[in-house]
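J.: Just dropping this structure here.
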Amino acid sequence: MKNYIIFGAPGAGKGTQADLLAKKYELIHLSSGAILRHEAGRGELGKKIKSYQDKGGLVPDRLIIAMMEKQIGRTLKKGLILDGYPRTLQQARALDRFLKIKKAKIDSVLNLRLSQTEALKRLILRGKTSGRSDDNAQTIKNRFAVYRLQTAPLLDYYKKQKKLINIDGRPKIAVIFKDISERL
Ligand code: AMP
């Protein structure tokens, strides 16, 4: 089974495309943001998670790495699409180490490319219906800054591994999906 990462700035459409891919190729869609939102608010740890998310900052590596390893370990045999993970170099290295132990690997990394202006428009629109406390102007700004500083360097990491596939994130959902499907 193949394992993929879907990559892109906040608002680029990762979740939507990951859902479609999961259906078409019978993959397990693991969204770190959704997994964290599920935990958020439950007990002391949940409160901490929610406060990171609400500010648009990243949850500490140690915590998210442990949470994701648990989920990935459970689902690895079925083929995965990782959405929102890894988001730092430390997470990417931990993922490679973990997969190696499990005798598995990431096959391709799909990078959805979209300008910040366009992504911002989409996120503000999504905020009207998503109910997500982090889809507001100030938090979105922080999420973009975090993306640029901590997450964008991963593009180079996966480019060096010859796994990076750049996808134009501007067209309609179905057009992007067709493009992705043809290139996998
Ligand atoms: P997302 O749903 O992918 O936009 O993630 C929403 C929020 O969850 C992020 O702004 C972070 O606070 C947190 N989060 C999601 N994935 C990660 C990750 N891999 N590492 C750290 N924090 C994360």
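For the structure tokens, the naming scheme is as follows: chains receive sequential letters (A, B, ...) according to their order of presentation, residues are indexed from 1 within each chain, and ligands are indexed from 1 in presentation order.
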Wanna dump the chain A-ligand 1 contacts at 7 Å for me, each residue with its shortest atom pair and the distance in Å to one decimal, counting only C-alpha atoms and all ligand atoms, ordered by chain and number, as JSON lines?
T.:
```
{"residue": "A:Pro10", "atom": "CA", "partner": "ligand 1", "partner_atom_place_in_ligand_line": "4 (O)", "distance": 5.8}
{"residue": "A:Ser31", "atom": "CA", "partner": "ligand 1", "partner_atom_place_in_ligand_line": "3 (O)", "distance": 6.6}
{"residue": "A:Ser32", "atom": "CA", "partner": "ligand 1", "partner_atom_place_in_ligand_line": "16 (N)", "distance": 4.4}
{"residue": "A:Gly33", "atom": "CA", "partner": "ligand 1", "partner_atom_place_in_ligand_line": "2 (O)", "distance": 3.5}
{"residue": "A:Ala34", "atom": "CA", "partner": "ligand 1", "partner_atom_place_in_ligand_line": "2 (O)", "distance": 5.7}
{"residue": "A:Leu36", "atom": "CA", "partner": "ligand 1", "partner_atom_place_in_ligand_line": "8 (O)", "distance": 6.1}
{"residue": "A:Tyr52", "atom": "CA", "partner": "ligand 1", "partner_atom_place_in_ligand_line": "12 (O)", "distance": 5.1}
{"residue": "A:Gln53", "atom": "CA", "partner": "ligand 1", "partner_atom_place_in_ligand_line": "12 (O)", "distance": 3.5}
{"residue": "A:Gly56", "atom": "CA", "partner": "ligand 1", "partner_atom_place_in_ligand_line": "10 (O)", "distance": 4.5}
{"residue": "A:Gly57", "atom": "CA", "partner": "ligand 1", "partner_atom_place_in_ligand_line": "12 (O)", "distance": 4.8}
{"residue": "A:Leu58", "atom": "CA", "partner": "ligand 1", "partner_atom_place_in_ligand_line": "22 (N)", "distance": 3.7}
{"residue": "A:Val59", "atom": "CA", "partner": "ligand 1", "partner_atom_place_in_ligand_line": "22 (N)", "distance": 3.9}
{"residue": "A:Pro60", "atom": "CA", "partner": "ligand 1", "partner_atom_place_in_ligand_line": "21 (C)", "distance": 6.0}
{"residue": "A:Asp61", "atom": "CA", "partner": "ligand 1", "partner_atom_place_in_ligand_line": "20 (N)", "distance": 6.2}
{"residue": "A:Ile64", "atom": "CA", "partner": "ligand 1", "partner_atom_place_in_ligand_line": "20 (N)", "distance": 5.7}
{"residue": "A:Asp83", "atom": "CA", "partner": "ligand 1", "partner_atom_place_in_ligand_line": "3 (O)", "distance": 6.7}
{"residue": "A:Gly84", "atom": "CA", "partner": "ligand 1", "partner_atom_place_in_ligand_line": "3 (O)", "distance": 4.3}
{"residue": "A:Tyr85", "atom": "CA", "partner": "ligand 1", "partner_atom_place_in_ligand_line": "19 (N)", "distance": 4.1}
{"residue": "A:Pro86", "atom": "CA", "partner": "ligand 1", "partner_atom_place_in_ligand_line": "19 (N)", "distance": 4.8}
{"residue": "A:Arg87", "atom": "CA", "partner": "ligand 1", "partner_atom_place_in_ligand_line": "19 (N)", "distance": 4.5}
{"residue": "A:Arg143", "atom": "CA", "partner": "ligand 1", "partner_atom_place_in_ligand_line": "10 (O)", "distance": 5.8}
```
J.: Counting only C-alpha atoms, what is within 10 Å of Ala9 of chain A, bar same-chain residues fewer than 3 positions away, as a list in words?
T.: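 Selected residues are Ala12, Gly13, Lys14, Gly84, Asn111, Leu112, Arg113, Leu114, Ser115, Gln116, Ala119, Leu120, Arg143, Phe144, Ala145, Val146, Tyr147, Arg148, Thr151 and Ala152 of chain A.
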J.: Under the rule that only C-alpha atoms are counted, which of A:Leu63, A:Ile173, A:Ala104, A:Ala92 is the nearest residue to Asp19 of chain A?
T.: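 Counting only C-alpha atoms, the residue closest to Asp19 of chain A is A:Ile173.
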J.: Which of chain A end up as strand (DSSP E or B) when DSSP is run on this backbone - answer as a list of chain:residue names?
T.: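 Taking chain A and keeping strand (DSSP E or B) gives A:Asn3, A:Tyr4, A:Ile5, A:Ile6, A:Phe7, A:Gly8, A:Ile28, A:His29, A:Leu30, A:Ser31, A:Leu80, A:Ile81, A:Leu82, A:Asp83, A:Ser108, A:Val109, A:Leu110, A:Asn111, A:Leu112, A:Arg113, A:Leu164, A:Ile165, A:Asn166, A:Ile167, A:Asp168.
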J.: Any chance you could export the current selection's C-alpha atoms as a PDB file, in the first residue's frame?
T.:
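The file below, again.pdb, is the result:
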```
ATOM      1  CA  ASN A   3       1.514   6.286   1.794  1.00  0.00           C
ATOM      2  CA  TYR A   4       1.174   9.958   0.921  1.00  0.00           C
ATOM      3  CA  ILE A   5       1.532  13.333   2.556  1.00  0.00           C
ATOM      4  CA  ILE A   6      -0.605  16.244   1.473  1.00  0.00           C
ATOM      5  CA  PHE A   7       1.178  19.482   2.036  1.00  0.00           C
ATOM      6  CA  GLY A   8       0.312  23.164   1.669  1.00  0.00           C
ATOM      7  CA  ILE A  28      -6.906   6.194   5.612  1.00  0.00           C
ATOM      8  CA  HIS A  29      -7.053   9.979   5.914  1.00  0.00           C
ATOM      9  CA  LEU A  30      -5.202  11.078   9.046  1.00  0.00           C
ATOM     10  CA  SER A  31      -5.594  14.793   9.777  1.00  0.00           C
ATOM     11  CA  LEU A  80      -2.263   6.481   4.416  1.00  0.00           C
ATOM     12  CA  ILE A  81      -2.797  10.051   3.443  1.00  0.00           C
ATOM     13  CA  LEU A  82      -1.294  12.338   6.061  1.00  0.00           C
ATOM     14  CA  ASP A  83      -2.830  15.809   6.212  1.00  0.00           C
ATOM     15  CA  SER A 108       4.955  10.938  -2.540  1.00  0.00           C
ATOM     16  CA  VAL A 109       4.372  14.360  -1.051  1.00  0.00           C
ATOM     17  CA  LEU A 110       1.700  16.416  -2.803  1.00  0.00           C
ATOM     18  CA  ASN A 111       2.258  20.121  -2.397  1.00  0.00           C
ATOM     19  CA  LEU A 112      -0.831  22.248  -3.013  1.00  0.00           C
ATOM     20  CA  ARG A 113       0.355  25.665  -4.114  1.00  0.00           C
ATOM     21  CA  LEU A 164       7.771  16.258  -3.988  1.00  0.00           C
ATOM     22  CA  ILE A 165       4.945  16.761  -6.500  1.00  0.00           C
ATOM     23  CA  ASN A 166       3.823  20.383  -6.928  1.00  0.00           C
ATOM     24  CA  ILE A 167       0.129  20.882  -7.643  1.00  0.00           C
ATOM     25  CA  ASP A 168      -1.588  24.106  -8.707  1.00  0.00           C
TER      26      ASP A 168
END
```
J.: Point out the residue among A:Gly46, A:Leu89, A:Arg183, A:Lys78 with the least atom-to-atom distance to Ala22 of chain A, counting only C-alpha atoms.
T.: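 Nearest to Ala22 of chain A: A:Lys78.
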J.: Rank nothing, just name the residue among A:Arg126, A:Lys105, A:Arg132, A:Lys162 nearest to Lys50 of chain A, using only C-alpha atoms.
T.: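 Checking each candidate against Lys50 of chain A, we get A:Arg132 as the closest.
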